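Student: Structure file query13.txt (compact mmCIF, C-alpha atoms and all ligand atoms) is given on the next line.
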```txt
# COMPACT_ATOMS: atom_id res chain seq x y z
CA MET H 1 0.00 0.00 0.00
CA GLU H 2 1.54 3.27 -1.12
CA ASN H 3 -0.09 5.88 1.07
CA LEU H 4 0.06 4.25 4.50
CA ILE H 5 1.47 6.81 6.89
CA ILE H 6 3.84 5.34 9.48
CA LYS H 7 4.62 7.37 12.55
CA LYS H 8 7.29 5.58 14.53
CA THR H 9 7.62 5.65 18.27
CA THR H 10 10.44 7.66 19.79
CA MET H 11 10.30 5.56 22.95
CA PRO H 12 10.56 1.87 22.03
CA LYS H 13 9.71 -0.45 24.90
CA GLU H 14 12.05 -3.05 26.24
CA ARG H 15 11.15 -6.41 24.81
CA PRO H 16 10.58 -9.22 27.31
CA ARG H 17 13.15 -12.01 27.32
CA GLU H 18 10.59 -14.68 28.00
CA ILE H 19 6.90 -14.91 27.20
CA LYS H 20 4.92 -16.87 29.72
CA SER H 21 1.46 -15.36 29.55
CA PHE H 22 -1.30 -14.53 27.09
CA GLY H 23 -2.24 -10.97 26.21
CA THR H 24 -0.35 -8.93 28.79
CA ILE H 25 2.45 -7.40 26.69
CA PHE H 26 1.88 -5.12 23.70
CA THR H 27 4.25 -4.01 20.95
CA ASP H 28 5.35 -0.46 20.06
CA HIS H 29 2.93 0.27 17.21
CA ILE H 30 -0.72 -0.10 16.25
CA LEU H 31 -2.63 0.19 13.02
CA VAL H 32 -5.56 2.61 13.04
CA MET H 33 -8.30 3.44 10.54
CA ASP H 34 -11.38 5.65 10.80
CA TYR H 35 -14.86 5.46 9.36
CA THR H 36 -16.94 8.56 8.78
CA LYS H 37 -20.21 8.92 6.92
CA ASN H 38 -18.62 11.12 4.28
CA ASN H 39 -15.35 9.31 3.69
CA GLY H 40 -16.18 5.69 4.53
CA TRP H 41 -13.23 3.65 5.87
CA ASP H 42 -10.24 5.90 5.43
CA ASN H 43 -6.97 7.20 6.79
CA MET H 44 -5.22 3.90 7.52
CA ARG H 45 -2.06 4.62 9.46
CA ILE H 46 0.48 3.14 11.82
CA GLU H 47 1.05 4.98 15.08
CA PRO H 48 2.97 4.46 18.31
CA TYR H 49 1.07 2.27 20.80
CA GLY H 50 -0.70 4.48 23.33
CA SER H 51 -4.01 5.60 24.78
CA ILE H 52 -6.73 6.52 22.32
CA ALA H 53 -8.98 9.54 22.75
CA LEU H 54 -12.62 8.53 22.94
CA ASP H 55 -15.63 10.73 23.52
CA PRO H 56 -17.35 9.68 26.79
CA SER H 57 -20.56 9.43 24.75
CA ALA H 58 -19.07 7.05 22.15
CA CYS H 59 -21.77 4.48 21.26
CA ALA H 60 -19.50 1.47 21.84
CA LEU H 61 -19.17 2.44 25.49
CA HIS H 62 -22.93 2.35 25.96
CA TYR H 63 -24.37 -0.27 23.64
CA GLY H 64 -21.39 -2.48 22.93
CA GLN H 65 -21.32 -1.96 19.17
CA GLY H 66 -17.96 -3.56 18.55
CA VAL H 67 -16.35 -6.62 16.98
CA PHE H 68 -12.92 -8.22 17.03
CA GLU H 69 -10.70 -10.88 15.50
CA GLY H 70 -7.74 -12.98 16.60
CA LEU H 71 -4.93 -14.36 14.45
CA LYS H 72 -1.22 -14.99 14.86
CA ALA H 73 2.14 -14.31 13.21
CA TYR H 74 4.81 -17.00 13.58
CA LYS H 75 8.57 -16.90 13.09
CA THR H 76 10.09 -19.90 11.34
CA LYS H 77 13.54 -21.34 12.07
CA ASN H 78 14.85 -19.45 8.99
CA GLY H 79 13.51 -16.19 10.36
CA ASP H 80 10.58 -15.98 7.90
CA ILE H 81 7.35 -14.47 9.18
CA GLN H 82 4.15 -16.39 8.51
CA LEU H 83 0.47 -15.57 8.97
CA PHE H 84 -2.10 -18.40 9.12
CA ARG H 85 -5.22 -17.92 6.94
CA PRO H 86 -5.26 -14.14 7.56
CA LEU H 87 -7.76 -13.30 4.85
CA ASP H 88 -10.25 -15.70 6.46
CA ASN H 89 -10.03 -13.64 9.65
CA PHE H 90 -10.76 -10.41 7.81
CA LEU H 91 -13.65 -12.00 5.93
CA ARG H 92 -15.05 -13.19 9.27
CA LEU H 93 -14.53 -9.69 10.67
CA ASN H 94 -16.81 -8.43 7.91
CA ARG H 95 -19.42 -11.07 8.77
CA SER H 96 -19.27 -9.99 12.41
CA CYS H 97 -19.61 -6.34 11.34
CA ALA H 98 -22.73 -7.20 9.37
CA LYS H 99 -24.33 -8.68 12.52
CA VAL H 100 -24.03 -5.40 14.44
CA CYS H 101 -24.49 -2.94 11.54
CA ILE H 102 -20.83 -1.86 11.24
CA PRO H 103 -19.88 -0.88 7.65
CA GLN H 104 -17.92 -3.48 5.66
CA LEU H 105 -14.17 -3.15 5.11
CA ASP H 106 -11.88 -4.02 2.23
CA ALA H 107 -10.38 -7.26 3.58
CA ASN H 108 -7.43 -7.23 1.15
CA MET H 109 -6.53 -3.68 2.04
CA LEU H 110 -6.62 -4.57 5.73
CA LEU H 111 -4.33 -7.51 5.09
CA ASP H 112 -1.86 -5.21 3.29
CA GLY H 113 -1.90 -2.86 6.27
CA LEU H 114 -1.46 -5.72 8.72
CA GLU H 115 1.55 -7.01 6.78
CA GLN H 116 3.23 -3.62 7.10
CA LEU H 117 2.49 -3.47 10.80
CA VAL H 118 3.84 -6.97 11.42
CA LYS H 119 6.96 -6.23 9.33
CA LEU H 120 7.60 -3.13 11.41
CA GLU H 121 7.20 -5.16 14.64
CA LYS H 122 8.97 -8.29 13.42
CA ASP H 123 11.51 -8.24 16.24
CA TRP H 124 8.62 -8.62 18.70
CA ILE H 125 7.68 -12.03 17.30
CA PRO H 126 8.90 -14.42 19.97
CA GLU H 127 10.90 -17.48 18.93
CA GLU H 128 10.57 -19.95 21.79
CA GLU H 129 8.49 -23.04 21.12
CA GLY H 130 4.76 -22.47 21.43
CA THR H 131 5.00 -18.68 21.27
CA SER H 132 3.77 -16.31 18.57
CA LEU H 133 2.62 -12.76 17.96
CA TYR H 134 -1.11 -12.57 18.62
CA ILE H 135 -2.87 -10.08 16.36
CA ARG H 136 -6.03 -8.44 17.62
CA PRO H 137 -7.97 -6.35 15.08
CA TYR H 138 -11.07 -4.69 16.53
CA ILE H 139 -13.65 -2.07 15.68
CA ILE H 140 -15.60 0.21 17.99
CA ALA H 141 -18.40 2.68 17.36
CA THR H 142 -16.95 6.10 18.21
CA GLU H 143 -19.81 8.43 17.36
CA ALA H 144 -20.89 10.57 20.33
CA PHE H 145 -24.59 9.75 20.41
CA LEU H 146 -26.93 8.14 22.90
CA GLY H 147 -29.81 7.11 20.68
CA VAL H 148 -29.97 3.41 19.91
CA ARG H 149 -29.13 3.05 16.22
CA PRO H 150 -25.99 2.09 14.28
CA ALA H 151 -23.25 4.70 14.74
CA VAL H 152 -21.98 6.74 11.80
CA GLU H 153 -18.37 6.88 13.04
CA TYR H 154 -16.04 4.00 13.88
CA LYS H 155 -12.42 3.25 14.61
CA LEU H 156 -10.55 0.13 13.62
CA LEU H 157 -7.41 -0.74 15.54
CA ILE H 158 -4.93 -3.58 15.32
CA ILE H 159 -2.81 -4.26 18.36
CA LEU H 160 -0.11 -6.92 18.62
CA SER H 161 0.87 -9.01 21.62
CA PRO H 162 3.66 -11.60 21.94
CA VAL H 163 2.02 -14.61 23.55
CA GLY H 164 2.61 -18.06 24.96
CA ALA H 165 -0.05 -20.70 25.61
CA TYR H 166 -3.56 -19.38 26.30
CA TYR H 167 -4.23 -21.82 29.12
CA PRO H 168 -1.73 -21.97 31.97
CA GLU H 169 -1.96 -25.78 31.52
CA GLY H 170 -0.30 -25.43 28.06
CA LEU H 171 -0.90 -28.69 26.21
CA LYS H 172 -1.90 -30.48 29.40
CA PRO H 173 -5.55 -31.56 29.37
CA VAL H 174 -7.96 -28.90 30.67
CA LYS H 175 -11.00 -29.31 32.93
CA ILE H 176 -14.33 -28.14 31.60
CA LEU H 177 -17.71 -27.66 33.22
CA VAL H 178 -20.88 -28.16 31.18
CA GLU H 179 -22.93 -25.02 31.85
CA GLU H 180 -26.50 -25.74 32.88
CA ASN H 181 -27.76 -22.40 34.21
CA TYR H 182 -26.57 -19.68 31.89
CA VAL H 183 -26.82 -19.48 28.10
CA ARG H 184 -24.36 -17.73 25.81
CA ALA H 185 -26.29 -17.42 22.56
CA VAL H 186 -29.42 -18.44 20.74
CA ARG H 187 -30.02 -19.01 17.08
CA GLY H 188 -30.73 -15.75 15.32
CA GLY H 189 -28.56 -13.90 17.85
CA LEU H 190 -24.91 -12.93 17.81
CA GLY H 191 -23.40 -16.28 18.78
CA GLU H 192 -21.69 -17.03 15.47
CA ALA H 193 -20.02 -13.62 15.30
CA LYS H 194 -17.01 -12.25 17.15
CA THR H 195 -18.89 -9.42 18.78
CA MET H 196 -17.63 -8.04 22.07
CA ALA H 197 -21.04 -8.68 23.62
CA ASN H 198 -20.69 -12.46 23.23
CA TYR H 199 -17.65 -12.47 25.42
CA ALA H 200 -19.26 -10.22 28.05
CA ALA H 201 -22.12 -12.72 28.15
CA SER H 202 -19.69 -15.54 28.89
CA LEU H 203 -17.90 -13.99 31.88
CA LEU H 204 -20.17 -14.82 34.80
CA ALA H 205 -20.44 -18.50 33.96
CA ALA H 206 -16.68 -18.72 33.40
CA GLU H 207 -15.94 -17.05 36.74
CA GLU H 208 -18.26 -19.40 38.60
CA ALA H 209 -16.69 -22.38 36.85
CA LYS H 210 -13.19 -21.15 37.72
CA LYS H 211 -14.15 -20.98 41.40
CA LYS H 212 -15.07 -24.65 41.14
CA GLY H 213 -11.67 -25.47 39.62
CA PHE H 214 -12.53 -25.56 35.90
CA SER H 215 -10.70 -23.70 33.10
CA GLN H 216 -13.76 -23.00 30.96
CA VAL H 217 -17.41 -23.85 30.45
CA LEU H 218 -18.94 -25.91 27.67
CA TRP H 219 -22.07 -24.15 26.45
CA LEU H 220 -25.22 -26.01 25.57
CA ASP H 221 -27.79 -24.68 23.10
CA GLY H 222 -29.79 -21.79 24.50
CA VAL H 223 -33.24 -23.28 23.90
CA GLU H 224 -33.33 -26.94 24.89
CA ARG H 225 -29.99 -27.01 26.77
CA LYS H 226 -29.47 -30.39 25.28
CA TYR H 227 -27.06 -29.92 22.38
CA VAL H 228 -23.37 -29.14 22.73
CA GLU H 229 -22.30 -25.80 21.21
CA GLU H 230 -18.81 -24.51 22.06
CA VAL H 231 -16.39 -23.79 24.91
CA GLY H 232 -15.66 -20.24 26.17
CA THR H 233 -12.80 -19.54 23.76
CA MET H 234 -12.80 -22.65 21.58
CA ASN H 235 -14.87 -24.85 19.30
CA ILE H 236 -15.21 -28.42 20.53
CA PHE H 237 -14.57 -31.87 18.98
CA PHE H 238 -15.31 -35.39 20.26
CA LYS H 239 -13.67 -38.60 19.10
CA ILE H 240 -16.02 -41.49 19.71
CA ASN H 241 -15.21 -44.97 18.49
CA GLY H 242 -12.74 -43.73 15.88
CA LYS H 243 -15.09 -41.12 14.48
CA VAL H 244 -14.72 -37.37 15.07
CA SER H 245 -17.75 -35.10 15.53
CA THR H 246 -18.13 -31.39 16.09
CA PRO H 247 -21.34 -29.38 16.49
CA ALA H 248 -22.66 -28.18 13.11
CA LEU H 249 -22.63 -24.41 12.57
CA ASN H 250 -26.18 -23.43 13.42
CA GLY H 251 -25.99 -19.67 13.80
CA SER H 252 -25.05 -19.62 17.46
CA ILE H 253 -21.64 -21.31 17.20
CA LEU H 254 -18.49 -19.39 16.25
CA GLN H 255 -17.24 -20.18 12.75
CA GLY H 256 -13.76 -21.05 13.97
CA ILE H 257 -10.88 -20.97 11.50
CA THR H 258 -8.94 -23.57 13.50
CA ARG H 259 -12.18 -25.63 13.60
CA ASP H 260 -12.37 -25.49 9.81
CA SER H 261 -8.66 -26.31 9.48
CA VAL H 262 -9.04 -29.38 11.72
CA ILE H 263 -11.98 -30.63 9.64
CA GLN H 264 -9.94 -30.23 6.44
CA VAL H 265 -6.91 -32.00 7.95
CA LEU H 266 -9.04 -34.91 9.18
CA GLN H 267 -10.61 -35.26 5.75
CA LYS H 268 -7.14 -35.33 4.19
CA TRP H 269 -6.05 -37.98 6.70
CA GLU H 270 -9.20 -39.96 5.85
CA ILE H 271 -10.37 -39.95 9.45
CA PRO H 272 -14.17 -39.87 9.56
CA VAL H 273 -15.34 -36.42 10.66
CA GLU H 274 -18.83 -35.00 10.78
CA GLU H 275 -20.52 -31.73 11.67
CA ARG H 276 -23.83 -32.49 13.29
CA LYS H 277 -26.08 -31.95 16.29
CA ILE H 278 -24.48 -33.63 19.30
CA THR H 279 -26.40 -34.12 22.53
CA ILE H 280 -24.61 -33.91 25.85
CA ASP H 281 -26.35 -37.16 26.83
CA GLU H 282 -24.65 -38.90 23.92
CA ILE H 283 -21.25 -37.81 25.21
CA VAL H 284 -22.04 -39.02 28.73
CA ALA H 285 -23.25 -42.36 27.32
CA ALA H 286 -20.08 -42.73 25.20
CA SER H 287 -17.98 -42.07 28.29
CA LYS H 288 -19.89 -44.71 30.24
CA ASN H 289 -19.65 -47.38 27.56
CA GLY H 290 -15.96 -46.72 26.97
CA THR H 291 -16.19 -45.38 23.40
CA LEU H 292 -15.34 -41.75 24.21
CA GLU H 293 -11.69 -41.57 23.15
CA GLU H 294 -10.87 -37.85 23.08
CA ILE H 295 -12.35 -34.41 23.58
CA PHE H 296 -10.47 -31.37 22.34
CA GLY H 297 -11.04 -27.68 21.81
CA THR H 298 -9.77 -25.64 18.86
CA GLY H 299 -9.13 -21.92 18.56
CA THR H 300 -6.53 -19.39 17.46
CA ALA H 301 -5.53 -18.52 20.99
CA ALA H 302 -5.92 -22.03 22.41
CA VAL H 303 -4.66 -23.87 19.24
CA ILE H 304 -5.69 -27.49 20.07
CA SER H 305 -6.46 -28.13 23.68
CA PRO H 306 -7.17 -31.66 24.94
CA VAL H 307 -9.91 -31.90 27.54
CA GLY H 308 -9.04 -34.22 30.42
CA LYS H 309 -12.12 -33.81 32.57
CA MET H 310 -15.64 -32.73 31.80
CA ALA H 311 -18.27 -32.31 34.51
CA TYR H 312 -21.99 -32.40 33.75
CA GLY H 313 -24.27 -32.37 36.79
CA ASN H 314 -23.19 -35.32 38.87
CA GLU H 315 -21.26 -36.95 36.05
CA LEU H 316 -17.50 -36.52 35.76
CA LEU H 317 -16.11 -37.69 32.42
CA SER H 318 -12.41 -38.40 32.51
CA ILE H 319 -9.91 -38.88 29.69
CA GLU H 320 -6.39 -38.78 31.03
CA ASP H 321 -4.33 -40.83 28.66
CA TYR H 322 -3.34 -38.29 25.99
CA ASP H 323 0.04 -38.95 24.40
CA ASP H 324 1.83 -38.39 21.08
CA GLU H 325 -0.41 -40.98 19.44
CA SER H 326 -3.59 -39.12 20.44
CA LEU H 327 -5.39 -37.48 17.55
CA SER H 328 -5.54 -34.11 19.31
CA ILE H 329 -1.77 -34.10 19.86
CA LYS H 330 -1.15 -35.17 16.25
CA LEU H 331 -3.41 -32.35 15.07
CA TYR H 332 -1.59 -29.89 17.34
CA ASN H 333 1.79 -30.98 15.96
CA PHE H 334 0.59 -30.88 12.36
CA LEU H 335 -1.12 -27.48 12.51
CA THR H 336 1.64 -25.81 14.51
CA GLY H 337 4.12 -27.47 12.11
CA ILE H 338 2.44 -25.66 9.21
CA GLN H 339 2.32 -22.44 11.20
CA TYR H 340 6.03 -22.57 12.19
CA GLY H 341 7.09 -23.80 8.76
CA THR H 342 8.30 -27.29 9.71
CA VAL H 343 5.42 -29.09 7.94
CA GLN H 344 4.67 -28.52 4.27
CA ASP H 345 1.58 -26.37 3.74
CA ASP H 346 -0.41 -28.40 1.20
CA PHE H 347 -3.53 -26.42 2.06
CA ASN H 348 -2.18 -23.04 0.98
CA TRP H 349 -3.01 -21.56 4.38
CA ILE H 350 0.23 -19.69 4.99
CA LYS H 351 0.82 -16.12 3.90
CA ARG H 352 4.54 -15.42 4.16
CA ILE H 353 5.41 -11.77 4.65
C1 LIG W 401 -9.04 -16.42 19.64
O1 LIG W 401 -8.86 -17.64 19.71
O2 LIG W 401 -8.38 -15.67 18.92
C2 LIG W 401 -10.07 -15.80 20.42
O3 LIG W 401 -10.69 -14.91 19.94
C3 LIG W 401 -10.22 -16.19 21.80
C4 LIG W 401 -9.98 -15.00 22.62
C5 LIG W 401 -11.27 -14.47 23.11
C6 LIG W 401 -8.97 -15.21 23.67
```
Mind turning this structure into structure tokens?

Tutor:
Amino acid sequence: MENLIIKKTTMPKERPREIKSFGTIFTDHILVMDYTKNNGWDNMRIEPYGSIALDPSACALHYGQGVFEGLKAYKTKNGDIQLFRPLDNFLRLNRSCAKVCIPQLDANMLLDGLEQLVKLEKDWIPEEEGTSLYIRPYIIATEAFLGVRPAVEYKLLIILSPVGAYYPEGLKPVKILVEENYVRAVRGGLGEAKTMANYAASLLAAEEAKKKGFSQVLWLDGVERKYVEEVGTMNIFFKINGKVSTPALNGSILQGITRDSVIQVLQKWEIPVEERKITIDEIVAASKNGTLEEIFGTGTAAVISPVGKMAYGNELLSIEDYDDESLSIKLYNFLTGIQYGTVQDDFNWIKRI
């Protein structure tokens, strides 16, 4: 992109020697873009990281009109920088925007801008195993107005954060509680989009689950509370009797890019995989009759996360014997291999920059 203005920081931060957490450290620069009624999306620029001025009446602060994305940049052993399916994230950003009446963006132009930002911050991409540069694009309604209608002014920002594993457990199996009281989304609502509101709606249940010793909750459908939907920050897969199933996209489940990648990899490996309605009772029954082999979550932040324990009412399902032969670990190794450039990318998912 020719006319991207880059204003460099005069006070670069000290880069951490080790990355142990998720989302606590931020790089020196951000990408910013504005939307106004007259000019549309305009004025893409790179600026030093810092506070942003926001009118106290900005719509996003009152009615939550905002969306976000999450993707990662990886450094290969040769020092190349790789993005994983970045255009898919920007296309999903547009789908999320549509759900909350935010004007559409030019996904290719955003990708060009992101590439310049990541190039500028390339020394922030951590190199230790399991680390990467998490990329968080987001949009907020900035118009100062208290009526309830779509805003006519917005700001898009992209911030970057060197990260390690999302869960403190790393690749160790996580404990999940099946949520029976609260619901996250219903069909026809915002559940399939990455709107900020979805994540606000998930907090109370997650906090209560944490107090009981669980990492996350598994959401059931919002109407019958019978069908499995997704985990707080991941889509969910079950391996039962050699066959892999994941809940079909029904409007209230996030259209995960890692979810889609896993389905494509399994198809390539000729492992039976299906997207369908899955009842929680079926999972409990499979656990009882010994056919439940694996449960794992998928997500950009979480990558592939094996589930070791799942509690549902009085039932406690336990799968402890994950090892290198487990499908979830093989998938983790394969996908991260593509992302870090040690496995050939036959899917054309990598964008090298
Ligand atoms: C991601 O996986 O990128 C997500 O958006 C999860 C995030 C809420 C931590």

Student: Which is closest to Glu169 (chain H) among H:Ile125, H:Leu117, H:Tyr332, H:Ser215, if we use all atoms listed in the file?

Tutor: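 Among the listed residues, the smallest separation from Glu169 (chain H) belongs to H:Ser215.
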
Student: Fewer than 4 positions away in the same chain doesn't count, so skip those; otherwise give me all residues within 10 Å of Phe26 (chain H), counting only C-alpha atoms, as a list in words.

Tutor: Lys13, Arg15, Ile30, Tyr49, Gly50, Trp124, Leu133, Tyr134, Ile159, Leu160, Ser161, Pro162 and Val163 of chain H

Student: Using Å and a single decimal, report how far CA of Pro173 (chain H) sits from CA of Arg259 (chain H).

Tutor: 18.1 Å

Student: Hey, which of H:Lys175, H:Lys226, H:Gly191, H:Phe90 ends up closest to Asn250 (chain H)? Count only C-alpha atoms.

Tutor: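 Among H:Lys175, H:Lys226, H:Gly191, H:Phe90, it is H:Gly191 that comes nearest to Asn250 (chain H).
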
Student: Would you list the residues that come within 7 Å of ligand LIG 401 (chain W)? Count only C-alpha atoms and all ligand atoms and give the answer as a list in words.

Tutor: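 Here is the list of contacting residues: Glu69, Gly70, Leu71, Thr233, Met234, Gly299, Thr300, Ala301 and Ala302 of chain H.
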
Student: Restricting the calculation to only C-alpha atoms, which member of H:Pro247, H:Pro150, H:Pro272, H:Gly113 is positioned closest to Asn3 (chain H)?

Tutor: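 When distances to Asn3 (chain H) are compared using only C-alpha atoms, the smallest one comes from H:Gly113.
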
Student: What's the 10 Å shell around region 312-315 of chain H, counting only C-alpha atoms, without same-chain residues fewer than 6 positions away, as number ranges by chain?

Tutor: H: 176-180, 218, 280-281, 284, 287-288

Student: Counting all atoms listed in the file, figure out which residue out of H:Ile329, H:Leu292, H:Ile19, H:Val32 gets nearest to Glu129 (chain H).

Tutor: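 Checking each of H:Ile329, H:Leu292, H:Ile19, H:Val32 against Glu129 (chain H), counting all atoms listed in the file, the winner is H:Ile19.
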
Student: For Lys212 (chain H), which residue among H:Leu87, H:Asp112, H:Arg149, H:Ala311 is the nearest when counting only C-alpha atoms?

Tutor: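 The answer is H:Ala311, which sits nearest to Lys212 (chain H).
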
Student: Quick one: pull the distance between CA of Leu331 (chain H) and CA of Val262 (chain H), Å, one decimal.

Tutor: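 Here the two named atoms are 7.2 Å from each other.
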
Student: So, counting all atoms listed in the file, which residue among H:Leu157, H:Pro86, H:Ser96, H:Lys20 is closest to Ser51 (chain H)?

Tutor: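 Going through H:Leu157, H:Pro86, H:Ser96, H:Lys20 one by one, the smallest distance to Ser51 (chain H) is for H:Leu157.
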
Student: Work out how far CA of Lys309 (chain H) is from CA of Val174 (chain H), in Å to one decimal.

Tutor: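 About the pair CA of Val174 (chain H) and CA of Lys309 (chain H): they are 6.7 Å apart.
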
Student: Sorted by chain and rising residue number, which residues of region 237-336 of chain H lie within 10 Å of region 186-189 of chain H, and what are their closest atom pairs and distances in Å to one decimal, counting only C-alpha atoms, as CSV?

Tutor:
```
residue,atom,partner,partner_atom,distance
H:Asn250,CA,H:Arg187,CA,6.9
H:Gly251,CA,H:Arg187,CA,5.2
H:Ser252,CA,H:Arg187,CA,5.0
H:Ile253,CA,H:Arg187,CA,8.7
```

Student: Quick one: residues within 10 Å of Leu203 (chain H), all atoms listed in the file, excluding same-chain residues fewer than 4 positions away - as a list in words?

Tutor: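 These residues fall inside the cut-off: Arg184, Asn198, Tyr199, Glu207, Glu208, Ala209, Gln216, Val217 and Gly232 of chain H.
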
Student: Scan for residues within 12 Å of the point (-9.1, -16.9, 2.4) in the coordinates of the file, using all atoms listed in the file, and reply as an MDAnalysis selection string.

Tutor: chainID H and resid 83:92 107:108 111 257 260:261 347:351
